[in-house]
file query_21.pdb (PDB, C-alpha atoms)
ATOM      1  CA  MET A   1     234.729 204.666  16.890  1.00  0.00           C
ATOM      2  CA  MET A   2     235.177 205.327  13.182  1.00  0.00           C
ATOM      3  CA  GLY A   3     235.918 208.853  12.039  1.00  0.00           C
ATOM      4  CA  ILE A   4     233.708 210.568   9.525  1.00  0.00           C
ATOM      5  CA  GLU A   5     235.365 210.879   6.140  1.00  0.00           C
ATOM      6  CA  VAL A   6     234.400 213.779   3.917  1.00  0.00           C
ATOM      7  CA  SER A   7     235.229 213.404   0.227  1.00  0.00           C
ATOM      8  CA  ASP A   8     237.260 215.954  -1.687  1.00  0.00           C
ATOM      9  CA  GLN A   9     234.284 216.340  -4.019  1.00  0.00           C
ATOM     10  CA  LEU A  10     232.107 217.422  -1.118  1.00  0.00           C
ATOM     11  CA  LEU A  11     234.783 219.736   0.234  1.00  0.00           C
ATOM     12  CA  GLY A  12     235.356 221.215  -3.226  1.00  0.00           C
ATOM     13  CA  THR A  13     231.646 221.992  -3.392  1.00  0.00           C
ATOM     14  CA  PHE A  14     231.046 223.538   0.013  1.00  0.00           C
ATOM     15  CA  VAL A  15     234.370 224.922   1.298  1.00  0.00           C
ATOM     16  CA  PRO A  16     234.339 227.840  -1.215  1.00  0.00           C
ATOM     17  CA  ILE A  17     230.821 228.726  -0.037  1.00  0.00           C
ATOM     18  CA  VAL A  18     231.970 228.833   3.584  1.00  0.00           C
ATOM     19  CA  VAL A  19     235.051 230.835   2.548  1.00  0.00           C
ATOM     20  CA  TYR A  20     232.793 233.345   0.769  1.00  0.00           C
ATOM     21  CA  TRP A  21     230.791 234.177   3.887  1.00  0.00           C
ATOM     22  CA  VAL A  22     233.744 234.073   6.286  1.00  0.00           C
ATOM     23  CA  TYR A  23     235.947 236.315   4.147  1.00  0.00           C
ATOM     24  CA  SER A  24     233.178 238.752   3.265  1.00  0.00           C
ATOM     25  CA  GLY A  25     232.192 238.781   6.945  1.00  0.00           C
ATOM     26  CA  ILE A  26     235.689 239.946   7.827  1.00  0.00           C
ATOM     27  CA  TYR A  27     235.262 242.859   5.434  1.00  0.00           C
ATOM     28  CA  VAL A  28     231.898 243.704   6.971  1.00  0.00           C
ATOM     29  CA  LEU A  29     233.617 243.940  10.352  1.00  0.00           C
ATOM     30  CA  MET A  30     236.227 246.238   8.793  1.00  0.00           C
ATOM     31  CA  GLY A  31     233.568 248.493   7.292  1.00  0.00           C
ATOM     32  CA  SER A  32     234.291 251.131   9.889  1.00  0.00           C
ATOM     33  CA  PHE A  33     237.688 251.800   8.272  1.00  0.00           C
ATOM     34  CA  ASP A  34     236.282 254.931   6.657  1.00  0.00           C
ATOM     35  CA  ASN A  35     239.697 256.271   5.643  1.00  0.00           C
ATOM     36  CA  TYR A  36     240.166 253.331   3.256  1.00  0.00           C
ATOM     37  CA  ARG A  37     236.664 253.136   1.774  1.00  0.00           C
ATOM     38  CA  LEU A  38     236.340 253.830  -1.965  1.00  0.00           C
ATOM     39  CA  HIS A  39     232.845 255.203  -1.329  1.00  0.00           C
ATOM     40  CA  SER A  40     231.280 256.712   1.738  1.00  0.00           C
ATOM     41  CA  LYS A  41     228.848 254.720   3.826  1.00  0.00           C
ATOM     42  CA  LYS A  42     226.196 257.239   2.809  1.00  0.00           C
ATOM     43  CA  ASP A  43     226.825 256.507  -0.892  1.00  0.00           C
ATOM     44  CA  GLU A  44     226.583 252.777  -0.226  1.00  0.00           C
ATOM     45  CA  ASP A  45     223.212 253.227   1.422  1.00  0.00           C
ATOM     46  CA  GLU A  46     221.784 255.751  -1.053  1.00  0.00           C
ATOM     47  CA  LYS A  47     223.179 254.831  -4.478  1.00  0.00           C
ATOM     48  CA  ASN A  48     222.640 251.086  -4.453  1.00  0.00           C
ATOM     49  CA  LEU A  49     219.378 250.033  -6.054  1.00  0.00           C
ATOM     50  CA  VAL A  50     218.829 246.835  -4.078  1.00  0.00           C
ATOM     51  CA  SER A  51     218.524 246.072  -0.376  1.00  0.00           C
ATOM     52  CA  LYS A  52     221.152 244.064   1.448  1.00  0.00           C
ATOM     53  CA  GLY A  53     218.560 241.484   2.404  1.00  0.00           C
ATOM     54  CA  THR A  54     217.766 240.906  -1.268  1.00  0.00           C
ATOM     55  CA  VAL A  55     221.484 240.616  -2.018  1.00  0.00           C
ATOM     56  CA  VAL A  56     221.934 237.921   0.633  1.00  0.00           C
ATOM     57  CA  LYS A  57     218.979 235.952  -0.755  1.00  0.00           C
ATOM     58  CA  GLY A  58     220.319 236.275  -4.301  1.00  0.00           C
ATOM     59  CA  VAL A  59     223.779 235.093  -3.327  1.00  0.00           C
ATOM     60  CA  LEU A  60     222.394 232.097  -1.428  1.00  0.00           C
ATOM     61  CA  LEU A  61     220.292 231.175  -4.457  1.00  0.00           C
ATOM     62  CA  GLN A  62     223.329 231.305  -6.735  1.00  0.00           C
ATOM     63  CA  GLN A  63     225.404 229.250  -4.322  1.00  0.00           C
ATOM     64  CA  THR A  64     222.671 226.621  -4.279  1.00  0.00           C
ATOM     65  CA  PHE A  65     222.848 226.372  -8.079  1.00  0.00           C
ATOM     66  CA  GLN A  66     226.638 226.225  -7.906  1.00  0.00           C
ATOM     67  CA  ALA A  67     226.557 223.406  -5.374  1.00  0.00           C
ATOM     68  CA  VAL A  68     224.150 221.327  -7.474  1.00  0.00           C
ATOM     69  CA  VAL A  69     226.238 221.780 -10.635  1.00  0.00           C
ATOM     70  CA  ALA A  70     229.457 221.016  -8.740  1.00  0.00           C
ATOM     71  CA  VAL A  71     228.055 217.765  -7.366  1.00  0.00           C
ATOM     72  CA  VAL A  72     226.956 216.699 -10.855  1.00  0.00           C
ATOM     73  CA  LEU A  73     230.310 217.723 -12.368  1.00  0.00           C
ATOM     74  CA  PHE A  74     232.329 215.756  -9.833  1.00  0.00           C
ATOM     75  CA  LYS A  75     230.151 212.694 -10.484  1.00  0.00           C
ATOM     76  CA  VAL A  76     230.660 212.973 -14.246  1.00  0.00           C
ATOM     77  CA  VAL A  77     234.448 213.421 -14.157  1.00  0.00           C
ATOM     78  CA  ASP A  78     235.078 211.185 -11.140  1.00  0.00           C
ATOM     79  CA  ASN A  79     238.177 209.036 -11.636  1.00  0.00           C
ATOM     80  CA  PRO A  80     238.941 206.776  -8.649  1.00  0.00           C
ATOM     81  CA  SER A  81     242.401 205.829  -9.932  1.00  0.00           C
ATOM     82  CA  GLU A  82     243.268 209.524 -10.238  1.00  0.00           C
ATOM     83  CA  ASP A  83     242.129 210.157  -6.680  1.00  0.00           C
ATOM     84  CA  ALA A  84     244.281 207.279  -5.458  1.00  0.00           C
ATOM     85  CA  SER A  85     247.407 208.762  -7.050  1.00  0.00           C
ATOM     86  CA  GLU A  86     246.686 212.282  -5.814  1.00  0.00           C
ATOM     87  CA  GLN A  87     249.291 212.074  -3.062  1.00  0.00           C
ATOM     88  CA  ASN A  88     251.988 211.776  -5.742  1.00  0.00           C
ATOM     89  CA  THR A  89     251.019 214.985  -7.536  1.00  0.00           C
ATOM     90  CA  SER A  90     254.028 217.293  -7.474  1.00  0.00           C
ATOM     91  CA  HIS A  91     253.871 220.920  -6.433  1.00  0.00           C
ATOM     92  CA  ILE A  92     255.026 221.919  -9.915  1.00  0.00           C
ATOM     93  CA  VAL A  93     252.042 220.131 -11.457  1.00  0.00           C
ATOM     94  CA  ILE A  94     249.652 221.800  -9.005  1.00  0.00           C
ATOM     95  CA  VAL A  95     251.096 225.260  -9.729  1.00  0.00           C
ATOM     96  CA  ARG A  96     250.786 224.603 -13.460  1.00  0.00           C
ATOM     97  CA  GLN A  97     247.162 223.518 -13.018  1.00  0.00           C
ATOM     98  CA  PHE A  98     246.453 226.640 -10.958  1.00  0.00           C
ATOM     99  CA  LEU A  99     247.918 228.931 -13.630  1.00  0.00           C
ATOM    100  CA  ILE A 100     246.069 227.177 -16.450  1.00  0.00           C
ATOM    101  CA  ALA A 101     242.806 227.346 -14.517  1.00  0.00           C
ATOM    102  CA  MET A 102     243.340 231.043 -13.769  1.00  0.00           C
ATOM    103  CA  VAL A 103     243.927 231.892 -17.435  1.00  0.00           C
ATOM    104  CA  VAL A 104     241.006 229.746 -18.634  1.00  0.00           C
ATOM    105  CA  PHE A 105     238.643 231.154 -15.996  1.00  0.00           C
ATOM    106  CA  ASP A 106     239.722 234.723 -16.769  1.00  0.00           C
ATOM    107  CA  THR A 107     239.264 234.163 -20.512  1.00  0.00           C
ATOM    108  CA  TRP A 108     235.783 232.742 -20.053  1.00  0.00           C
ATOM    109  CA  GLN A 109     234.785 235.500 -17.667  1.00  0.00           C
ATOM    110  CA  TYR A 110     236.109 238.314 -19.868  1.00  0.00           C
ATOM    111  CA  PHE A 111     234.306 237.357 -23.062  1.00  0.00           C
ATOM    112  CA  MET A 112     231.057 236.358 -21.373  1.00  0.00           C
ATOM    113  CA  HIS A 113     231.083 239.453 -19.165  1.00  0.00           C
ATOM    114  CA  ARG A 114     231.809 241.761 -22.075  1.00  0.00           C
ATOM    115  CA  TYR A 115     229.056 240.206 -24.190  1.00  0.00           C
ATOM    116  CA  LEU A 116     226.553 240.700 -21.365  1.00  0.00           C
ATOM    117  CA  HIS A 117     227.342 244.417 -21.614  1.00  0.00           C
ATOM    118  CA  GLN A 118     227.327 244.616 -25.400  1.00  0.00           C
ATOM    119  CA  ASN A 119     224.035 242.791 -25.877  1.00  0.00           C
ATOM    120  CA  LYS A 120     221.442 245.310 -24.695  1.00  0.00           C
ATOM    121  CA  PHE A 121     218.755 242.678 -24.156  1.00  0.00           C
ATOM    122  CA  LEU A 122     221.027 240.507 -21.989  1.00  0.00           C
ATOM    123  CA  TYR A 123     222.277 243.532 -20.072  1.00  0.00           C
ATOM    124  CA  ARG A 124     218.798 244.852 -19.385  1.00  0.00           C
ATOM    125  CA  HIS A 125     217.303 241.538 -18.333  1.00  0.00           C
ATOM    126  CA  ILE A 126     220.295 239.734 -16.792  1.00  0.00           C
ATOM    127  CA  HIS A 127     223.550 241.583 -16.087  1.00  0.00           C
ATOM    128  CA  SER A 128     221.964 244.817 -14.876  1.00  0.00           C
ATOM    129  CA  GLN A 129     221.049 242.953 -11.682  1.00  0.00           C
ATOM    130  CA  HIS A 130     224.705 242.889 -10.662  1.00  0.00           C
ATOM    131  CA  HIS A 131     225.100 246.580 -11.460  1.00  0.00           C
ATOM    132  CA  ARG A 132     222.301 247.488  -9.108  1.00  0.00           C
ATOM    133  CA  LEU A 133     225.220 247.531  -6.692  1.00  0.00           C
ATOM    134  CA  VAL A 134     226.604 250.855  -7.868  1.00  0.00           C
ATOM    135  CA  VAL A 135     228.761 250.839  -4.742  1.00  0.00           C
ATOM    136  CA  PRO A 136     230.066 247.261  -4.444  1.00  0.00           C
ATOM    137  CA  TYR A 137     230.570 245.543  -1.110  1.00  0.00           C
ATOM    138  CA  ALA A 138     232.113 242.224  -0.166  1.00  0.00           C
ATOM    139  CA  TYR A 139     229.170 239.860   0.235  1.00  0.00           C
ATOM    140  CA  GLY A 140     227.546 241.225  -2.925  1.00  0.00           C
ATOM    141  CA  ALA A 141     230.417 239.895  -5.053  1.00  0.00           C
ATOM    142  CA  ILE A 142     228.309 237.197  -6.702  1.00  0.00           C
ATOM    143  CA  TYR A 143     224.961 238.932  -6.511  1.00  0.00           C
ATOM    144  CA  ASN A 144     223.891 238.124 -10.067  1.00  0.00           C
ATOM    145  CA  HIS A 145     220.902 236.971 -12.042  1.00  0.00           C
ATOM    146  CA  PRO A 146     220.789 233.161 -11.614  1.00  0.00           C
ATOM    147  CA  LEU A 147     221.397 232.664 -15.344  1.00  0.00           C
ATOM    148  CA  GLU A 148     224.462 234.900 -15.238  1.00  0.00           C
ATOM    149  CA  GLY A 149     225.767 233.061 -12.212  1.00  0.00           C
ATOM    150  CA  LEU A 150     225.326 229.772 -14.053  1.00  0.00           C
ATOM    151  CA  ILE A 151     227.048 230.968 -17.244  1.00  0.00           C
ATOM    152  CA  LEU A 152     229.875 233.098 -15.857  1.00  0.00           C
ATOM    153  CA  ASP A 153     230.783 231.496 -12.565  1.00  0.00           C
ATOM    154  CA  THR A 154     229.480 227.940 -12.483  1.00  0.00           C
ATOM    155  CA  ILE A 155     230.112 226.869 -16.080  1.00  0.00           C
ATOM    156  CA  GLY A 156     233.256 228.998 -16.267  1.00  0.00           C
ATOM    157  CA  GLY A 157     234.592 227.300 -13.156  1.00  0.00           C
ATOM    158  CA  ALA A 158     233.714 223.875 -14.575  1.00  0.00           C
ATOM    159  CA  VAL A 159     235.579 224.632 -17.812  1.00  0.00           C
ATOM    160  CA  ALA A 160     238.649 225.806 -15.860  1.00  0.00           C
ATOM    161  CA  PHE A 161     238.515 222.661 -13.711  1.00  0.00           C
ATOM    162  CA  ILE A 162     238.303 220.304 -16.698  1.00  0.00           C
ATOM    163  CA  VAL A 163     240.847 222.053 -18.950  1.00  0.00           C
ATOM    164  CA  SER A 164     243.450 222.401 -16.189  1.00  0.00           C
ATOM    165  CA  GLY A 165     243.176 218.723 -15.310  1.00  0.00           C
ATOM    166  CA  MET A 166     243.149 219.477 -11.609  1.00  0.00           C
ATOM    167  CA  THR A 167     241.841 216.925  -9.140  1.00  0.00           C
ATOM    168  CA  PRO A 168     238.915 217.506  -6.780  1.00  0.00           C
ATOM    169  CA  HIS A 169     241.452 217.927  -3.950  1.00  0.00           C
ATOM    170  CA  THR A 170     243.284 220.713  -5.798  1.00  0.00           C
ATOM    171  CA  SER A 171     239.969 222.316  -6.740  1.00  0.00           C
ATOM    172  CA  ILE A 172     239.218 222.922  -3.043  1.00  0.00           C
ATOM    173  CA  PHE A 173     242.121 225.366  -2.914  1.00  0.00           C
ATOM    174  CA  PHE A 174     241.657 226.846  -6.374  1.00  0.00           C
ATOM    175  CA  PHE A 175     237.982 227.696  -5.983  1.00  0.00           C
ATOM    176  CA  SER A 176     238.542 228.952  -2.442  1.00  0.00           C
ATOM    177  CA  PHE A 177     241.270 231.253  -3.780  1.00  0.00           C
ATOM    178  CA  ALA A 178     239.064 232.405  -6.666  1.00  0.00           C
ATOM    179  CA  THR A 179     236.288 233.099  -4.151  1.00  0.00           C
ATOM    180  CA  ILE A 180     238.596 235.174  -1.952  1.00  0.00           C
ATOM    181  CA  LYS A 181     239.787 237.119  -5.000  1.00  0.00           C
ATOM    182  CA  GLY A 182     236.236 237.836  -6.171  1.00  0.00           C
ATOM    183  CA  VAL A 183     235.153 239.026  -2.737  1.00  0.00           C
ATOM    184  CA  ASP A 184     238.273 241.168  -2.452  1.00  0.00           C
ATOM    185  CA  ASP A 185     237.574 242.830  -5.809  1.00  0.00           C
ATOM    186  CA  HIS A 186     234.128 243.916  -4.586  1.00  0.00           C
ATOM    187  CA  CYS A 187     235.024 244.789  -0.990  1.00  0.00           C
ATOM    188  CA  GLY A 188     235.030 248.568  -1.525  1.00  0.00           C
ATOM    189  CA  LEU A 189     238.188 249.012   0.534  1.00  0.00           C
ATOM    190  CA  MET A 190     241.811 249.684  -0.401  1.00  0.00           C
ATOM    191  CA  LEU A 191     243.624 248.556   2.697  1.00  0.00           C
ATOM    192  CA  PRO A 192     247.399 249.060   2.969  1.00  0.00           C
ATOM    193  CA  GLY A 193     249.319 245.801   3.080  1.00  0.00           C
ATOM    194  CA  ASN A 194     246.690 243.809   1.152  1.00  0.00           C
ATOM    195  CA  ILE A 195     248.869 241.219  -0.605  1.00  0.00           C
ATOM    196  CA  LEU A 196     246.272 240.641  -3.336  1.00  0.00           C
ATOM    197  CA  HIS A 197     246.547 244.299  -4.342  1.00  0.00           C
ATOM    198  CA  ALA A 198     250.317 243.886  -4.567  1.00  0.00           C
ATOM    199  CA  LEU A 199     250.101 240.739  -6.687  1.00  0.00           C
ATOM    200  CA  PHE A 200     247.213 241.699  -8.987  1.00  0.00           C
ATOM    201  CA  GLU A 201     246.469 244.944 -10.802  1.00  0.00           C
ATOM    202  CA  ASN A 202     242.907 243.654 -11.011  1.00  0.00           C
ATOM    203  CA  ASN A 203     241.780 244.742  -7.558  1.00  0.00           C
ATOM    204  CA  SER A 204     238.936 246.531  -5.789  1.00  0.00           C
ATOM    205  CA  ALA A 205     239.825 249.938  -7.290  1.00  0.00           C
ATOM    206  CA  TYR A 206     240.178 248.505 -10.817  1.00  0.00           C
ATOM    207  CA  HIS A 207     236.788 246.809 -10.623  1.00  0.00           C
ATOM    208  CA  ASP A 208     235.202 249.799  -8.920  1.00  0.00           C
ATOM    209  CA  VAL A 209     235.872 251.797 -12.099  1.00  0.00           C
ATOM    210  CA  HIS A 210     233.815 249.228 -14.012  1.00  0.00           C
ATOM    211  CA  HIS A 211     230.875 249.752 -11.636  1.00  0.00           C
ATOM    212  CA  GLN A 212     230.991 253.510 -12.214  1.00  0.00           C
ATOM    213  CA  LEU A 213     228.734 254.871 -14.966  1.00  0.00           C
ATOM    214  CA  CYS A 214     231.597 256.056 -17.166  1.00  0.00           C
ATOM    215  CA  GLY A 215     233.508 252.798 -16.704  1.00  0.00           C
ATOM    216  CA  SER A 216     230.853 250.322 -17.762  1.00  0.00           C
ATOM    217  CA  LYS A 217     232.561 249.809 -21.135  1.00  0.00           C
ATOM    218  CA  TYR A 218     235.916 249.103 -19.538  1.00  0.00           C
ATOM    219  CA  ASN A 219     237.653 246.721 -17.137  1.00  0.00           C
ATOM    220  CA  PHE A 220     235.686 243.579 -17.936  1.00  0.00           C
ATOM    221  CA  SER A 221     238.510 241.324 -16.776  1.00  0.00           C
ATOM    222  CA  GLN A 222     237.900 239.305 -13.643  1.00  0.00           C
ATOM    223  CA  PRO A 223     238.947 237.947 -11.259  1.00  0.00           C
ATOM    224  CA  PHE A 224     242.722 237.638 -11.708  1.00  0.00           C
ATOM    225  CA  PHE A 225     244.492 239.368 -14.590  1.00  0.00           C
ATOM    226  CA  VAL A 226     243.902 242.378 -16.859  1.00  0.00           C
ATOM    227  CA  MET A 227     245.464 240.898 -20.011  1.00  0.00           C
ATOM    228  CA  TRP A 228     242.284 240.730 -22.105  1.00  0.00           C
ATOM    229  CA  ASP A 229     241.386 244.325 -21.286  1.00  0.00           C
ATOM    230  CA  LYS A 230     244.841 245.418 -22.438  1.00  0.00           C
ATOM    231  CA  ILE A 231     244.829 243.264 -25.574  1.00  0.00           C
ATOM    232  CA  LEU A 232     241.327 244.234 -26.708  1.00  0.00           C
ATOM    233  CA  GLY A 233     241.309 247.925 -25.809  1.00  0.00           C
ATOM    234  CA  THR A 234     238.970 247.893 -22.818  1.00  0.00           C
ATOM    235  CA  TYR A 235     241.678 248.675 -20.275  1.00  0.00           C
ATOM    236  CA  MET A 236     241.011 251.658 -18.041  1.00  0.00           C
ATOM    237  CA  PRO A 237     243.819 252.216 -15.534  1.00  0.00           C
ATOM    238  CA  CYS A 238     242.986 254.133 -12.409  1.00  0.00           C
ATOM    239  CA  SER A 239     244.574 255.908  -9.504  1.00  0.00           C
ATOM    240  CA  VAL A 240     243.407 255.889  -5.911  1.00  0.00           C
ATOM    241  CA  GLU A 241     242.965 259.432  -4.613  1.00  0.00           C
ATOM    242  CA  LYS A 242     241.849 260.895  -1.306  1.00  0.00           C
ATOM    243  CA  ARG A 243     238.321 262.281  -1.201  1.00  0.00           C
ATOM    244  CA  ALA A 244     237.807 265.790   0.134  1.00  0.00           C
ATOM    245  CA  ASP A 245     235.259 264.498   2.640  1.00  0.00           C
ATOM    246  CA  GLY A 246     237.516 261.669   3.793  1.00  0.00           C
ATOM    247  CA  GLY A 247     238.235 258.221   2.484  1.00  0.00           C
ATOM    248  CA  LEU A 248     239.398 257.254  -0.996  1.00  0.00           C
ATOM    249  CA  GLU A 249     238.104 257.081  -4.553  1.00  0.00           C
ATOM    250  CA  ALA A 250     239.112 255.143  -7.655  1.00  0.00           C
ATOM    251  CA  ARG A 251     239.643 257.716 -10.365  1.00  0.00           C
ATOM    252  CA  ALA A 252     239.933 256.690 -14.029  1.00  0.00           C
ATOM    253  CA  ALA A 253     243.350 257.674 -15.377  1.00  0.00           C
ATOM    254  CA  LYS A 254     241.848 258.968 -18.632  1.00  0.00           C
ATOM    255  CA  GLU A 255     238.507 260.323 -19.758  1.00  0.00           C
ATOM    256  CA  CYS A 256     235.912 257.659 -20.474  1.00  0.00           C
ATOM    257  CA  LYS A 257     234.609 257.694 -24.018  1.00  0.00           C
ATOM    258  CA  ASP A 258     231.022 256.847 -24.851  1.00  0.00           C
ATOM    259  CA  GLU A 259     230.770 254.293 -27.647  1.00  0.00           C
TER     260      GLU A 259
END

call {"tool": "encode", "arguments": {"input": "query_21.pdb", "output": "structure tokens"}}
result
Amino acid sequence: MMGIEVSDQLLGTFVPIVVYWVYSGIYVLMGSFDNYRLHSKKDEDEKNLVSKGTVVKGVLLQQTFQAVVAVVLFKVVDNPSEDASEQNTSHIVIVRQFLIAMVVFDTWQYFMHRYLHQNKFLYRHIHSQHHRLVVPYAYGAIYNHPLEGLILDTIGGAVAFIVSGMTPHTSIFFFSFATIKGVDDHCGLMLPGNILHALFENNSAYHDVHHQLCGSKYNFSQPFFVMWDKILGTYMPCSVEKRADGGLEARAAKECKDE
């Protein structure tokens, strides 16, 4: 009986989608950790401007677009000889490709994200959909207008994939990691021992400041580094403080200035 072979292209398309729901599902199960929530459950229910059912539908729609684009991309850049030599790719090369892809993806995301805020028409009609989640939660990480999802995530990911020179096999791990990082940044929890918080300053508290009203002109960087925020003056550091009514809050380290 012959085994079923699944191509790296297919895995690179659908594994990150599965990772998204599994990882965000873990955070849903941990939602009862009230002492580590950046917002109360009451705030999550009352301040958000969109229902969770609508969020799920929106995310599934975006993931459908992503899957279609990924399939087309893999067909266009498919190189059988490259796939055949994949086993010989050194770990150093893979690490280099990861780092290049992270920087490229971050650069694309920063400038596109910032422009969606600066252009009032685009913010009102496109990016404001994401900010209907005033209190972010894990499975709302990529709740965006379909056009935003296409421009920021899908095309941005494609550019990072092509520029880094990574293979479809490597892309399975890169896009799964990027998915985990994006979900983590929107999870609304600051759990002790979270290795991503130790490795990256760009974490759930940092991005939570951006979702606050006074922070909407800051902290555009996502999902990995904060370099562009620091270079271009949109960096808003924050501290995590205990709330009087229990739990935590991300507090901007300096007063936000209206521009």

call {"tool": "closest_atom_pairs", "arguments": {"input": "query_21.pdb", "of": "range 168-233 of chain A", "to": "range 123-141 of chain A", "cutoff": "6 Å", "atoms": "all atoms listed in the file", "output": "JSON lines"}}
result
{"residue": "A:Val183", "atom": "CA", "partner": "A:Ala138", "partner_atom": "CA", "distance": 5.1}
{"residue": "A:His186", "atom": "CA", "partner": "A:Ala138", "partner_atom": "CA", "distance": 5.1}
{"residue": "A:Cys187", "atom": "CA", "partner": "A:Ala138", "partner_atom": "CA", "distance": 4.0}
{"residue": "A:Gly188", "atom": "CA", "partner": "A:Tyr137", "partner_atom": "CA", "distance": 5.4}
{"residue": "A:His211", "atom": "CA", "partner": "A:Val134", "partner_atom": "CA", "distance": 5.8}

call {"tool": "write_last_selection", "arguments": {"input": "query_21.pdb", "atoms": "C-alpha atoms", "output": "mmCIF file, in the frame of the given file"}}
result
data_model
loop_
_atom_site.group_PDB
_atom_site.id
_atom_site.type_symbol
_atom_site.label_atom_id
_atom_site.label_comp_id
_atom_site.auth_asym_id
_atom_site.auth_seq_id
_atom_site.Cartn_x
_atom_site.Cartn_y
_atom_site.Cartn_z
ATOM 1 C CA VAL A 183 235.153 239.026 -2.737
ATOM 2 C CA HIS A 186 234.128 243.916 -4.586
ATOM 3 C CA CYS A 187 235.024 244.789 -0.990
ATOM 4 C CA GLY A 188 235.030 248.568 -1.525
ATOM 5 C CA HIS A 211 230.875 249.752 -11.636
#

call {"tool": "closest_residue", "arguments": {"input": "query_21.pdb", "among": "A:Ala70, A:Met227, A:Ile92, A:Leu191", "to": "Ile155 in chain A", "atoms": "all atoms listed in the file"}}
result
A:Ala70

call {"tool": "closest_residue", "arguments": {"input": "query_21.pdb", "among": "A:Val22, A:Leu10, A:Ile231, A:Val69", "to": "Thr154 in chain A", "atoms": "all atoms listed in the file"}}
result
A:Val69

call {"tool": "atom_distance", "arguments": {"input": "query_21.pdb", "atom1": "CA of Ala252 in chain A", "atom2": "CA of Ser40 in chain A"}}
result
18.0 Å

call {"tool": "atom_distance", "arguments": {"input": "query_21.pdb", "atom1": "CA of Glu201 in chain A", "atom2": "CA of Leu248 in chain A"}}
result
17.3 Å

call {"tool": "resolve_selection", "arguments": {"input": "query_21.pdb", "expression": "the PyMOL selection byres ((chain A and resi 110) around 9)", "output": "list in words"}}
result
Phe105, Asp106, Thr107, Trp108, Gln109, Phe111, Met112, His113, Arg114, Tyr115, Asn219, Phe220, Ser221, Gln222, Trp228 and Asp229 of chain A

call {"tool": "atom_distance", "arguments": {"input": "query_21.pdb", "atom1": "CA of His91 in chain A", "atom2": "CA of Gly193 in chain A"}}
result
27.0 Å

call {"tool": "closest_residue", "arguments": {"input": "query_21.pdb", "among": "A:Val76, A:Leu38, A:Ala67, A:Met102", "to": "Asn203 in chain A", "atoms": "all atoms listed in the file"}}
result
A:Leu38

call {"tool": "axis_aligned_box", "arguments": {"input": "query_21.pdb", "around": "range 14-25 of chain A", "padding_each_side": "8 Å", "output": "lines of an AutoDock Vina configuration file"}}
result
center_x = 233.4
center_y = 231.2
center_z = 2.9
size_x = 21.2
size_y = 31.2
size_z = 24.2

call {"tool": "closest_residue", "arguments": {"input": "query_21.pdb", "among": "A:Ser164, A:Thr179, A:Thr64, A:Ser7", "to": "Val93 in chain A", "atoms": "all atoms listed in the file"}}
result
A:Ser164
